[in-house]
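Q: Following this line is my_file.txt, made up of compact mmCIF, C-alpha atoms (C1' of nucleotides):
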```
# COMPACT_ATOMS: atom_id res chain seq x y z
CA MET A 1 10.09 -7.05 -30.75
CA ASN A 2 9.67 -6.16 -34.41
CA GLU A 3 6.73 -7.15 -36.59
CA ARG A 4 8.72 -9.77 -38.44
CA GLU A 5 9.89 -11.56 -35.30
CA ILE A 6 6.39 -11.48 -33.91
CA GLU A 7 5.01 -13.16 -37.02
CA GLN A 8 7.65 -15.84 -36.78
CA ARG A 9 6.84 -16.49 -33.16
CA LEU A 10 3.13 -16.70 -33.95
CA GLU A 11 3.78 -19.20 -36.73
CA GLY A 12 5.89 -21.26 -34.36
CA PHE A 13 3.00 -21.23 -31.93
CA GLU A 14 0.50 -22.37 -34.55
CA GLU A 15 2.81 -25.18 -35.56
CA LEU A 16 3.16 -26.20 -31.91
CA CYS A 17 -0.60 -26.29 -31.43
CA ARG A 18 -1.00 -28.57 -34.44
CA THR A 19 1.76 -30.84 -33.19
CA LYS A 20 0.26 -31.11 -29.75
CA GLY A 21 -3.35 -31.25 -30.92
CA LEU A 22 -4.28 -28.08 -29.04
CA PRO A 23 -7.11 -25.97 -30.44
CA LEU A 24 -5.77 -22.73 -31.86
CA THR A 25 -8.20 -20.12 -30.58
CA VAL A 26 -8.23 -16.44 -31.47
CA GLN A 27 -7.82 -15.65 -27.77
CA ARG A 28 -4.61 -17.63 -27.61
CA ARG A 29 -3.12 -16.02 -30.64
CA ASP A 30 -4.07 -12.48 -29.70
CA ILE A 31 -2.88 -12.83 -26.13
CA LEU A 32 0.45 -14.18 -27.28
CA ARG A 33 0.73 -11.35 -29.78
CA ALA A 34 -0.03 -8.77 -27.12
CA VAL A 35 2.79 -9.97 -24.89
CA LEU A 36 5.24 -10.09 -27.79
CA GLN A 37 4.37 -6.55 -28.79
CA ARG A 38 5.43 -5.10 -25.44
CA ASP A 39 8.93 -4.41 -24.25
CA ASP A 40 8.00 -3.98 -20.61
CA HIS A 41 7.03 -6.87 -18.38
CA PRO A 42 3.26 -6.71 -18.40
CA SER A 43 0.87 -7.92 -15.74
CA VAL A 44 -2.23 -10.00 -16.47
CA ASP A 45 -4.34 -6.91 -16.28
CA GLN A 46 -2.24 -4.97 -18.76
CA ILE A 47 -2.55 -7.82 -21.23
CA TYR A 48 -6.27 -8.04 -20.57
CA GLU A 49 -6.75 -4.35 -21.28
CA SER A 50 -4.79 -4.39 -24.51
CA VAL A 51 -6.31 -7.56 -25.95
CA ARG A 52 -9.80 -6.39 -25.07
CA GLU A 53 -9.50 -3.76 -27.78
CA ARG A 54 -9.46 -6.54 -30.38
CA ILE A 55 -11.76 -8.98 -28.57
CA PRO A 56 -14.33 -6.95 -26.64
CA GLY A 57 -16.00 -9.96 -25.03
CA LEU A 58 -12.71 -11.27 -23.63
CA SER A 59 -12.80 -12.60 -20.10
CA ARG A 60 -10.11 -11.90 -17.56
CA THR A 61 -10.27 -15.56 -16.57
CA THR A 62 -9.29 -16.54 -20.09
CA VAL A 63 -6.29 -14.26 -19.95
CA TYR A 64 -5.09 -15.97 -16.78
CA ARG A 65 -5.64 -19.38 -18.29
CA VAL A 66 -4.05 -18.66 -21.64
CA LEU A 67 -0.97 -17.04 -20.14
CA GLU A 68 -0.53 -20.11 -17.97
CA THR A 69 -0.85 -22.36 -21.02
CA LEU A 70 1.64 -20.30 -23.02
CA CYS A 71 4.15 -20.59 -20.20
CA HIS A 72 3.73 -24.35 -20.09
CA LEU A 73 4.29 -24.49 -23.82
CA GLY A 74 7.48 -22.49 -23.46
CA MET A 75 6.21 -19.55 -25.53
CA LEU A 76 6.45 -17.12 -22.58
CA ARG A 77 8.00 -16.91 -19.17
CA ARG A 78 6.83 -15.51 -15.93
CA VAL A 79 9.30 -12.87 -14.86
CA HIS A 80 10.97 -13.33 -11.48
CA HIS A 81 9.90 -10.22 -9.72
CA PRO A 82 9.98 -8.84 -6.17
CA GLY A 83 6.43 -7.52 -6.40
CA ALA A 84 3.07 -9.06 -5.66
CA THR A 85 1.63 -9.58 -9.11
CA VAL A 86 2.64 -11.96 -11.83
CA ARG A 87 4.43 -10.48 -14.84
CA PHE A 88 5.33 -11.95 -18.18
CA ASP A 89 8.15 -11.77 -20.67
CA GLY A 90 7.79 -12.83 -24.29
CA ARG A 91 11.48 -12.54 -24.98
CA MET A 92 12.86 -16.04 -24.79
CA THR A 93 16.44 -15.24 -25.77
CA ARG A 94 18.93 -14.86 -22.96
CA HIS A 95 18.89 -11.50 -21.27
CA HIS A 96 19.17 -10.08 -17.78
CA HIS A 97 17.37 -7.73 -15.43
CA LEU A 98 18.09 -4.65 -13.41
CA VAL A 99 15.70 -4.37 -10.46
CA CYS A 100 15.24 -1.43 -8.11
CA ARG A 101 14.91 -2.56 -4.50
CA ILE A 102 12.80 0.49 -3.64
CA CYS A 103 10.21 0.84 -6.40
CA HIS A 104 10.69 -2.56 -8.12
CA ALA A 105 11.15 -1.09 -11.57
CA MET A 106 12.62 -3.70 -13.89
CA LEU A 107 14.77 -3.02 -16.95
CA ASP A 108 16.31 -5.41 -19.45
CA VAL A 109 20.07 -5.72 -19.75
CA GLU A 110 22.01 -7.16 -22.64
CA SER A 111 25.50 -8.30 -21.81
CA ARG A 112 28.03 -10.24 -23.81
CA LYS A 113 30.01 -10.90 -20.66
CA LEU A 114 27.09 -12.68 -19.07
CA ALA A 115 26.08 -14.68 -22.10
CA GLN A 116 28.18 -17.73 -21.40
CA LEU A 117 27.88 -18.77 -17.79
CA GLU A 118 27.84 -22.50 -17.34
CA LEU A 119 24.44 -24.02 -16.85
CA SER A 120 26.13 -26.73 -14.86
CA SER A 121 26.50 -24.34 -11.94
CA GLY A 122 22.82 -24.77 -11.41
CA GLN A 123 22.58 -28.55 -11.57
CA ARG A 124 21.29 -29.90 -8.27
CA GLN A 125 19.05 -32.61 -6.96
CA GLY A 126 17.51 -33.79 -10.19
CA PHE A 127 16.76 -30.27 -11.36
CA VAL A 128 17.10 -29.85 -15.13
CA VAL A 129 18.37 -26.37 -15.89
CA GLU A 130 17.30 -24.85 -19.19
CA ASP A 131 18.54 -21.29 -18.95
CA TYR A 132 19.51 -18.54 -16.54
CA THR A 133 18.96 -14.84 -15.96
CA VAL A 134 21.14 -12.55 -13.90
CA HIS A 135 19.23 -10.16 -11.65
CA PHE A 136 21.12 -7.03 -10.65
CA HIS A 137 19.83 -5.51 -7.42
CA GLY A 138 20.19 -1.84 -6.80
CA VAL A 139 18.48 1.52 -6.71
CA CYS A 140 17.21 3.32 -9.75
CA GLU A 141 17.99 6.95 -10.39
CA GLU A 142 14.57 8.24 -9.39
CA CYS A 143 14.53 6.44 -6.06
CA ARG A 144 18.08 7.51 -5.32
CA GLN A 145 17.10 11.15 -5.67
CA ARG A 146 13.83 10.81 -3.82
CA ASN A 147 15.20 8.75 -0.97
CA PRO A 148 18.73 9.87 -0.15
CA ASN A 149 20.90 8.45 2.65
CA MET B 1 21.26 -19.81 9.59
CA ASN B 2 22.77 -20.91 12.89
CA GLU B 3 21.93 -19.46 16.28
CA ARG B 4 25.20 -17.56 16.51
CA GLU B 5 24.76 -15.82 13.15
CA ILE B 6 21.21 -14.95 14.01
CA GLU B 7 22.29 -13.27 17.25
CA GLN B 8 24.89 -11.28 15.37
CA ARG B 9 22.36 -10.15 12.82
CA LEU B 10 19.95 -9.12 15.56
CA GLU B 11 22.64 -7.12 17.31
CA GLY B 12 23.46 -5.42 14.03
CA PHE B 13 19.81 -4.55 13.69
CA GLU B 14 19.62 -3.07 17.20
CA GLU B 15 22.69 -1.01 16.51
CA LEU B 16 21.15 0.21 13.28
CA CYS B 17 17.96 1.25 15.01
CA ARG B 18 19.93 3.28 17.54
CA THR B 19 21.95 4.92 14.79
CA LYS B 20 18.87 5.85 12.82
CA GLY B 21 16.76 6.77 15.80
CA LEU B 22 14.16 4.09 15.03
CA PRO B 23 12.23 2.59 17.94
CA LEU B 24 13.27 -1.00 18.53
CA THR B 25 9.99 -2.83 19.04
CA VAL B 26 9.56 -6.48 20.02
CA GLN B 27 7.60 -7.00 16.82
CA ARG B 28 10.51 -5.80 14.72
CA ARG B 29 13.00 -8.01 16.48
CA ASP B 30 10.84 -11.12 16.47
CA ILE B 31 9.83 -10.75 12.84
CA LEU B 32 13.44 -10.35 11.79
CA ARG B 33 14.39 -13.37 13.86
CA ALA B 34 11.64 -15.45 12.27
CA VAL B 35 12.89 -14.75 8.76
CA LEU B 36 16.49 -15.47 9.73
CA GLN B 37 15.51 -18.79 11.26
CA ARG B 38 14.09 -20.15 8.02
CA ASP B 39 15.99 -21.53 5.08
CA ASP B 40 13.08 -21.42 2.65
CA HIS B 41 11.78 -18.19 1.20
CA PRO B 42 8.79 -17.45 3.38
CA SER B 43 5.71 -15.47 2.49
CA VAL B 44 4.20 -12.79 4.72
CA ASP B 45 1.66 -15.28 5.96
CA GLN B 46 4.25 -17.86 6.91
CA ILE B 47 6.09 -15.24 8.95
CA TYR B 48 2.85 -14.08 10.52
CA GLU B 49 1.98 -17.62 11.61
CA SER B 50 5.35 -18.33 13.15
CA VAL B 51 5.74 -15.03 14.99
CA ARG B 52 2.21 -15.25 16.32
CA GLU B 53 3.35 -18.11 18.54
CA ARG B 54 5.53 -15.68 20.47
CA ILE B 55 3.30 -12.60 20.15
CA PRO B 56 -0.32 -13.77 20.16
CA GLY B 57 -1.80 -10.30 19.59
CA LEU B 58 0.31 -9.71 16.50
CA SER B 59 -1.44 -8.07 13.57
CA ARG B 60 -0.94 -9.18 9.99
CA THR B 61 -0.72 -5.51 9.05
CA THR B 62 2.28 -5.11 11.32
CA VAL B 63 4.02 -8.00 9.63
CA TYR B 64 3.57 -6.36 6.25
CA ARG B 65 4.83 -3.06 7.57
CA VAL B 66 7.81 -4.43 9.46
CA LEU B 67 8.98 -6.59 6.58
CA GLU B 68 8.85 -3.54 4.36
CA THR B 69 10.88 -1.56 6.89
CA LEU B 70 13.47 -4.31 7.25
CA CYS B 71 13.92 -4.38 3.49
CA HIS B 72 14.45 -0.64 3.37
CA LEU B 73 17.04 -0.96 6.11
CA GLY B 74 18.84 -3.63 4.13
CA MET B 75 18.29 -6.36 6.73
CA LEU B 76 16.23 -8.51 4.33
CA ARG B 77 15.48 -8.79 0.68
CA ARG B 78 12.37 -9.57 -1.24
CA VAL B 79 13.05 -12.62 -3.34
CA HIS B 80 12.52 -12.29 -7.08
CA HIS B 81 9.94 -14.93 -7.68
CA PRO B 82 7.61 -15.99 -10.49
CA GLY B 83 4.65 -16.49 -8.17
CA ALA B 84 1.93 -14.15 -7.03
CA THR B 85 2.92 -13.48 -3.43
CA VAL B 86 5.85 -11.66 -1.96
CA ARG B 87 8.61 -13.76 -0.42
CA PHE B 88 11.59 -12.84 1.70
CA ASP B 89 15.17 -13.91 2.15
CA GLY B 90 17.21 -13.12 5.25
CA ARG B 91 20.44 -14.31 3.71
CA MET B 92 22.25 -11.23 2.53
CA THR B 93 25.44 -12.91 1.34
CA ARG B 94 25.70 -13.62 -2.36
CA HIS B 95 23.89 -16.74 -3.47
CA HIS B 96 21.78 -17.90 -6.37
CA HIS B 97 18.45 -19.54 -7.08
CA LEU B 98 17.11 -22.54 -8.92
CA VAL B 99 13.47 -22.00 -9.92
CA CYS B 100 11.06 -24.56 -11.37
CA ARG B 101 9.02 -23.11 -14.21
CA ILE B 102 6.14 -25.48 -13.47
CA CYS B 103 5.60 -25.41 -9.70
CA HIS B 104 7.80 -22.39 -8.83
CA ALA B 105 9.77 -24.19 -6.16
CA MET B 106 12.90 -22.21 -5.30
CA LEU B 107 16.15 -23.63 -4.00
CA ASP B 108 19.36 -21.87 -3.03
CA VAL B 109 22.55 -22.51 -4.96
CA GLU B 110 26.08 -21.82 -3.83
CA SER B 111 28.62 -21.47 -6.59
CA ARG B 112 32.20 -20.38 -6.54
CA LYS B 113 32.10 -19.96 -10.30
CA LEU B 114 29.36 -17.39 -10.05
CA ALA B 115 30.79 -15.45 -7.14
CA GLN B 116 32.75 -12.92 -9.17
CA LEU B 117 30.70 -11.58 -12.02
CA GLU B 118 31.30 -7.94 -12.66
CA LEU B 119 28.72 -5.61 -11.23
CA SER B 120 29.57 -3.23 -14.04
CA SER B 121 27.62 -5.41 -16.45
CA GLY B 122 24.53 -4.06 -14.82
CA GLN B 123 25.34 -0.35 -14.87
CA ARG B 124 22.77 1.51 -16.94
CA GLN B 125 20.88 4.75 -16.94
CA GLY B 126 21.83 6.02 -13.50
CA PHE B 127 21.06 2.72 -11.85
CA VAL B 128 23.39 1.94 -8.92
CA VAL B 129 23.99 -1.80 -8.74
CA GLU B 130 24.67 -3.25 -5.31
CA ASP B 131 24.66 -6.98 -5.93
CA TYR B 132 23.38 -9.69 -8.22
CA THR B 133 21.72 -13.09 -8.10
CA VAL B 134 21.69 -15.67 -10.86
CA HIS B 135 18.33 -17.35 -11.43
CA PHE B 136 18.48 -20.74 -13.09
CA HIS B 137 15.25 -21.66 -14.88
CA GLY B 138 14.29 -25.26 -15.31
CA VAL B 139 12.09 -28.07 -14.16
CA CYS B 140 12.41 -29.77 -10.81
CA GLU B 141 12.52 -33.52 -10.48
CA GLU B 142 8.95 -33.88 -9.23
CA CYS B 143 7.46 -31.86 -12.06
CA ARG B 144 9.54 -33.67 -14.61
CA GLN B 145 8.10 -36.99 -13.49
CA ARG B 146 4.57 -35.74 -13.16
CA ASN B 147 4.54 -33.83 -16.42
CA PRO B 148 6.70 -35.70 -18.92
CA ASN B 149 7.94 -34.52 -22.35
C1' DT C 1 7.68 9.74 35.21
C1' DG C 2 5.52 12.69 31.53
C1' DT C 3 5.75 13.92 26.74
C1' DT C 4 5.97 12.96 22.10
C1' DA C 5 6.87 10.95 17.79
C1' DG C 6 6.34 6.98 15.77
C1' DT C 7 4.38 2.13 15.85
C1' DT C 8 0.89 -1.19 16.31
C1' DG C 9 -3.85 -3.54 16.03
C1' DG C 10 -8.04 -4.11 13.83
C1' DT C 11 -11.31 -3.43 10.45
C1' DA C 12 -12.59 -2.29 5.95
C1' DA C 13 -11.50 -1.76 1.25
C1' DA C 14 -9.03 -2.78 -2.80
C1' DG C 15 -6.56 -5.74 -5.82
C1' DA C 16 -5.14 -10.29 -7.68
C1' DT C 17 -6.10 -15.02 -8.45
C1' DT C 18 -8.72 -19.33 -8.61
C1' DA C 19 -12.98 -22.37 -8.81
C1' DC C 20 -16.89 -23.60 -11.10
C1' DC C 21 -20.21 -24.51 -14.62
C1' DA C 22 -23.10 -23.41 -18.56
C1' DT C 23 -22.17 -22.02 -23.24
C1' DT C 24 -19.40 -21.77 -27.24
C1' DT C 25 -15.75 -22.99 -30.40
C1' DG C 26 -12.08 -25.53 -32.97
C1' DC C 27 -11.23 -29.74 -34.99
C1' DT C 28 -12.05 -34.19 -37.13
C1' DG C 29 -14.42 -37.64 -39.90
C1' DG C 30 -18.12 -38.41 -42.93
C1' DC D 1 -20.15 -28.55 -45.87
C1' DC D 2 -22.01 -30.41 -41.50
C1' DA D 3 -22.58 -33.19 -37.06
C1' DG D 4 -20.40 -34.57 -32.88
C1' DC D 5 -16.98 -34.38 -29.44
C1' DA D 6 -13.38 -32.70 -26.71
C1' DA D 7 -11.62 -28.75 -25.09
C1' DA D 8 -11.75 -23.70 -24.32
C1' DT D 9 -14.18 -19.60 -23.05
C1' DG D 10 -17.15 -16.20 -20.32
C1' DG D 11 -19.01 -14.74 -16.22
C1' DT D 12 -19.89 -14.90 -11.47
C1' DA D 13 -18.60 -15.96 -6.92
C1' DA D 14 -15.24 -17.16 -3.68
C1' DT D 15 -10.68 -16.88 -1.95
C1' DC D 16 -6.33 -15.02 -1.11
C1' DT D 17 -3.09 -11.04 -0.74
C1' DT D 18 -2.12 -6.40 0.07
C1' DT D 19 -3.11 -1.57 1.34
C1' DA D 20 -5.63 2.34 3.75
C1' DC D 21 -7.05 4.31 7.77
C1' DC D 22 -7.42 5.71 12.50
C1' DA D 23 -7.67 5.04 17.47
C1' DA D 24 -4.80 3.03 21.11
C1' DC D 25 -0.27 2.00 22.62
C1' DT D 26 4.87 2.14 23.40
C1' DA D 27 9.93 3.16 23.04
C1' DA D 28 12.97 6.83 23.75
C1' DC D 29 14.41 10.73 26.05
C1' DA D 30 14.50 14.61 29.07
```
Give the structure from the file, written as structure tokens.

A:
Amino acid sequence: MNEREIEQRLEGFEELCRTKGLPLTVQRRDILRAVLQRDDHPSVDQIYESVRERIPGLSRTTVYRVLETLCHLGMLRRVHHPGATVRFDGRMTRHHHLVCRICHAMLDVESRKLAQLELSSGQRQGFVVEDYTVHFHGVCEECRQRNPN
Amino acid sequence: MNEREIEQRLEGFEELCRTKGLPLTVQRRDILRAVLQRDDHPSVDQIYESVRERIPGLSRTTVYRVLETLCHLGMLRRVHHPGATVRFDGRMTRHHHLVCRICHAMLDVESRKLAQLELSSGQRQGFVVEDYTVHFHGVCEECRQRNPN
DNA sequence: TGTTAGTTGGTAAAGATTACCATTTGCTGG
DNA sequence: CCAGCAAATGGTAATCTTTACCAACTAACA
């Protein structure tokens, strides 16, 4: 995400904190910025390591808590992932994922064809659907070469 | 999954073991059966607890290993999930998921409309796409009532 | 039925997440 | 600008999940 977009997202976040009466802490802003600056789908620990460069006294616990808060506020999303650790995505515009069933690598996919599925397909049992993501399952090039059959 | 389907899947598995020269152990068969018998998306521990009723000496380590093996063989899939533990799905036919962004509940969705997206949308960078699943993000009824706005 | 390759069980270690509480900070009104 | 309060943070300990390792066991086959 480019610098300009990041600034806009941060301003939106500050506005949201004021609206909701949430204290705007430096930890919250820097953690949000760190997620927005990455194009991969970082784990808690990756965020912790990168934010710690700006805030040396940062606690891992705070990172867990703030990421949780940012998700509740709709500033981030947890990625749906086959692995065993939680991963985050700061990109809130519609996009899709390619996931390797062997090594669990995850890549973003843009697709005009997939941009207009009907949300109504997901309506069930009082569930309010806000968006969707298509996950493509398959095998990445590396795993295909390493693990032939 | 009904009893008949489960038996067919188990026979397919036995056949596959013979073809590949893999020993067919009781653990492997019972763990596969346990996943197939559930309609939720069980964690390793849930499988461990249910199989332990049939095989009291079962080791948790074996459950981890066997589930991994079954995924490699294409008998199961890891579910793509926002939570912090691995979950499995024995249903290999195309279906989709509704996921609550608050509590992470996951429900299956059938949809004729979504049955025919083009796999080609996912082709990128040497990645071989085998299938896809649409994940609908939203808020489930319980969380909506508990956590209004 | 003996051999062998591959699997399992059990424990220990590593990694990820949550609980808890004392301390600190952001925010508001004066 | 400062005091007071509500809320957030830091740090440690506990818990939960997963992986590593190796000795004992078992399915498959001759």

Q: Point out the residue among B:Gly122, B:Gln46, B:Ala84, B:Arg146 with the least atom-to-atom distance to DT18 of chain C, counting all atoms listed in the file.

A: B:Ala84

Q: Taking only C-alpha atoms (C1' of nucleotides) into account, find every residue of chain B that has an atom no more than 8 Å from chain D, and write it out as a list in words.

A: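 Filtering chain B at 8 Å from chain D with only C-alpha atoms (C1' of nucleotides) gives Pro23, Leu24, Thr25 and Thr85 of chain B.
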
Q: Using all atoms listed in the file, which of the listed residues (B:His72, B:His104, B:Arg65, B:His96) sits closest to His135 of chain B?

A: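 With all atoms listed in the file as the atom set, the closest residue is B:His96.
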
Q: Give me, as a PyMOL selection string, the residues of chain B touching chain C, with the criterion being at most 9 Å (counting only C-alpha atoms (C1' of nucleotides)).

A: chain B and resi 22-23+25+27+57-62+84

Q: Residues of chain B within 6 Å of chain A, using all atoms listed in the file, as a list of chain:residue names?

A: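 Every residue meeting the condition is included here: B:Arg78, B:Val79, B:His80, B:His81, B:Pro82, B:Ala84, B:Thr85, B:Val86, B:Gly126, B:Phe127, B:Val128, B:Val129, B:Glu130, B:Asp131, B:Tyr132, B:Thr133, B:Val134, B:His135, B:Phe136, B:His137, B:Gly138, B:Val139, B:Cys140, B:Glu141.
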
Q: Please write the residues from the selection above to a file, keeping C-alpha atoms, as a PDB file, keeping the file's coordinate frame.

A:
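Below you can see selection20.pdb, which holds the result:
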```
ATOM      1  CA  ARG B  78      12.370  -9.570  -1.240  1.00  0.00           C
ATOM      2  CA  VAL B  79      13.050 -12.620  -3.340  1.00  0.00           C
ATOM      3  CA  HIS B  80      12.520 -12.290  -7.080  1.00  0.00           C
ATOM      4  CA  HIS B  81       9.940 -14.930  -7.680  1.00  0.00           C
ATOM      5  CA  PRO B  82       7.610 -15.990 -10.490  1.00  0.00           C
ATOM      6  CA  ALA B  84       1.930 -14.150  -7.030  1.00  0.00           C
ATOM      7  CA  THR B  85       2.920 -13.480  -3.430  1.00  0.00           C
ATOM      8  CA  VAL B  86       5.850 -11.660  -1.960  1.00  0.00           C
ATOM      9  CA  GLY B 126      21.830   6.020 -13.500  1.00  0.00           C
ATOM     10  CA  PHE B 127      21.060   2.720 -11.850  1.00  0.00           C
ATOM     11  CA  VAL B 128      23.390   1.940  -8.920  1.00  0.00           C
ATOM     12  CA  VAL B 129      23.990  -1.800  -8.740  1.00  0.00           C
ATOM     13  CA  GLU B 130      24.670  -3.250  -5.310  1.00  0.00           C
ATOM     14  CA  ASP B 131      24.660  -6.980  -5.930  1.00  0.00           C
ATOM     15  CA  TYR B 132      23.380  -9.690  -8.220  1.00  0.00           C
ATOM     16  CA  THR B 133      21.720 -13.090  -8.100  1.00  0.00           C
ATOM     17  CA  VAL B 134      21.690 -15.670 -10.860  1.00  0.00           C
ATOM     18  CA  HIS B 135      18.330 -17.350 -11.430  1.00  0.00           C
ATOM     19  CA  PHE B 136      18.480 -20.740 -13.090  1.00  0.00           C
ATOM     20  CA  HIS B 137      15.250 -21.660 -14.880  1.00  0.00           C
ATOM     21  CA  GLY B 138      14.290 -25.260 -15.310  1.00  0.00           C
ATOM     22  CA  VAL B 139      12.090 -28.070 -14.160  1.00  0.00           C
ATOM     23  CA  CYS B 140      12.410 -29.770 -10.810  1.00  0.00           C
ATOM     24  CA  GLU B 141      12.520 -33.520 -10.480  1.00  0.00           C
TER      25      GLU B 141
END
```

Q: Could you check which residues have any atom within 10 Å of (9.0, -13.1, -26.4), counting all atoms listed in the file with coordinates taken straight from the file, and then list them as a list in words?

A: Met1, Glu5, Ile6, Arg9, Leu32, Arg33, Val35, Leu36, Gln37, Arg38, Asp39, Gly74, Met75, Leu76, Arg77, Phe88, Asp89, Gly90, Arg91, Met92 and Thr93 of chain A

Q: In Å, with one decimal, what is the gap from atom CA of Arg29 of chain A to atom CA of Met106 of chain A?

A: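 Atom CA of Arg29 of chain A sits 26.1 Å away from atom CA of Met106 of chain A.
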
Q: What is the distance, in Å and to one decimal place, between atom CA of Glu11 of chain B and atom CA of Gln116 of chain B?

A: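 Computing the Euclidean distance for atom CA of Glu11 of chain B and atom CA of Gln116 of chain B yields 28.9 Å.
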
Q: Once 5 Å is added on each side, what centre and edge lengths in Å to one decimal does the axis-aligned box around all listed atoms of segment 95-114 of chain A have, as AutoDock Vina command-line options?

A:
```
--center_x 20.1 --center_y -5.9 --center_z -13.7 --size_x 29.8 --size_y 23.5 --size_z 30.2
```

Q: So what do you get for atom CA of Tyr48 of chain B versus atom CA of Leu10 of chain B, distance-wise?

A: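 Interatomic distance here is 18.5 Å.
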
Q: Write segment 123-141 of chain A as a JSON list (two decimals), in the coordinates of the input, completed to N, CA and C atoms.

A:
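That gives us selection.json:
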```
[["chain", "number", "residue", "atom", "x", "y", "z"],
["A", 123, "GLN", "N", 23.07, -27.17, -11.69],
["A", 123, "GLN", "CA", 22.58, -28.55, -11.57],
["A", 123, "GLN", "C", 22.56, -28.99, -10.11],
["A", 124, "ARG", "N", 21.43, -29.43, -9.65],
["A", 124, "ARG", "CA", 21.29, -29.90, -8.27],
["A", 124, "ARG", "C", 20.09, -30.83, -8.18],
["A", 125, "GLN", "N", 20.21, -31.85, -7.42],
["A", 125, "GLN", "CA", 19.05, -32.61, -6.96],
["A", 125, "GLN", "C", 18.00, -32.91, -8.03],
["A", 126, "GLY", "N", 18.46, -33.40, -9.17],
["A", 126, "GLY", "CA", 17.51, -33.79, -10.19],
["A", 126, "GLY", "C", 16.87, -32.65, -10.95],
["A", 127, "PHE", "N", 17.30, -31.45, -10.70],
["A", 127, "PHE", "CA", 16.76, -30.27, -11.36],
["A", 127, "PHE", "C", 17.38, -30.16, -12.75],
["A", 128, "VAL", "N", 16.57, -30.04, -13.79],
["A", 128, "VAL", "CA", 17.10, -29.85, -15.13],
["A", 128, "VAL", "C", 17.08, -28.37, -15.48],
["A", 129, "VAL", "N", 18.26, -27.80, -15.64],
["A", 129, "VAL", "CA", 18.37, -26.37, -15.89],
["A", 129, "VAL", "C", 18.30, -26.11, -17.39],
["A", 130, "GLU", "N", 17.48, -25.16, -17.78],
["A", 130, "GLU", "CA", 17.30, -24.85, -19.19],
["A", 130, "GLU", "C", 17.94, -23.53, -19.58],
["A", 131, "ASP", "N", 17.97, -22.60, -18.65],
["A", 131, "ASP", "CA", 18.54, -21.29, -18.95],
["A", 131, "ASP", "C", 18.79, -20.55, -17.64],
["A", 132, "TYR", "N", 19.30, -19.34, -17.75],
["A", 132, "TYR", "CA", 19.51, -18.54, -16.54],
["A", 132, "TYR", "C", 19.31, -17.07, -16.87],
["A", 133, "THR", "N", 19.08, -16.30, -15.85],
["A", 133, "THR", "CA", 18.96, -14.84, -15.96],
["A", 133, "THR", "C", 19.69, -14.24, -14.77],
["A", 134, "VAL", "N", 20.49, -13.23, -15.01],
["A", 134, "VAL", "CA", 21.14, -12.55, -13.90],
["A", 134, "VAL", "C", 20.27, -11.36, -13.47],
["A", 135, "HIS", "N", 19.98, -11.30, -12.19],
["A", 135, "HIS", "CA", 19.23, -10.16, -11.65],
["A", 135, "HIS", "C", 20.19, -9.25, -10.91],
["A", 136, "PHE", "N", 20.30, -8.00, -11.37],
["A", 136, "PHE", "CA", 21.12, -7.03, -10.65],
["A", 136, "PHE", "C", 20.21, -6.27, -9.70],
["A", 137, "HIS", "N", 20.61, -6.24, -8.43],
["A", 137, "HIS", "CA", 19.83, -5.51, -7.42],
["A", 137, "HIS", "C", 20.46, -4.15, -7.24],
["A", 138, "GLY", "N", 19.62, -3.15, -7.05],
["A", 138, "GLY", "CA", 20.19, -1.84, -6.80],
["A", 138, "GLY", "C", 19.10, -0.82, -6.62],
["A", 139, "VAL", "N", 19.43, 0.43, -6.87],
["A", 139, "VAL", "CA", 18.48, 1.52, -6.71],
["A", 139, "VAL", "C", 18.48, 2.34, -7.99],
["A", 140, "CYS", "N", 17.30, 2.59, -8.50],
["A", 140, "CYS", "CA", 17.21, 3.32, -9.75],
["A", 140, "CYS", "C", 17.41, 4.81, -9.49],
["A", 141, "GLU", "N", 17.65, 5.54, -10.54],
["A", 141, "GLU", "CA", 17.99, 6.95, -10.39],
["A", 141, "GLU", "C", 16.91, 7.73, -9.65]]
```
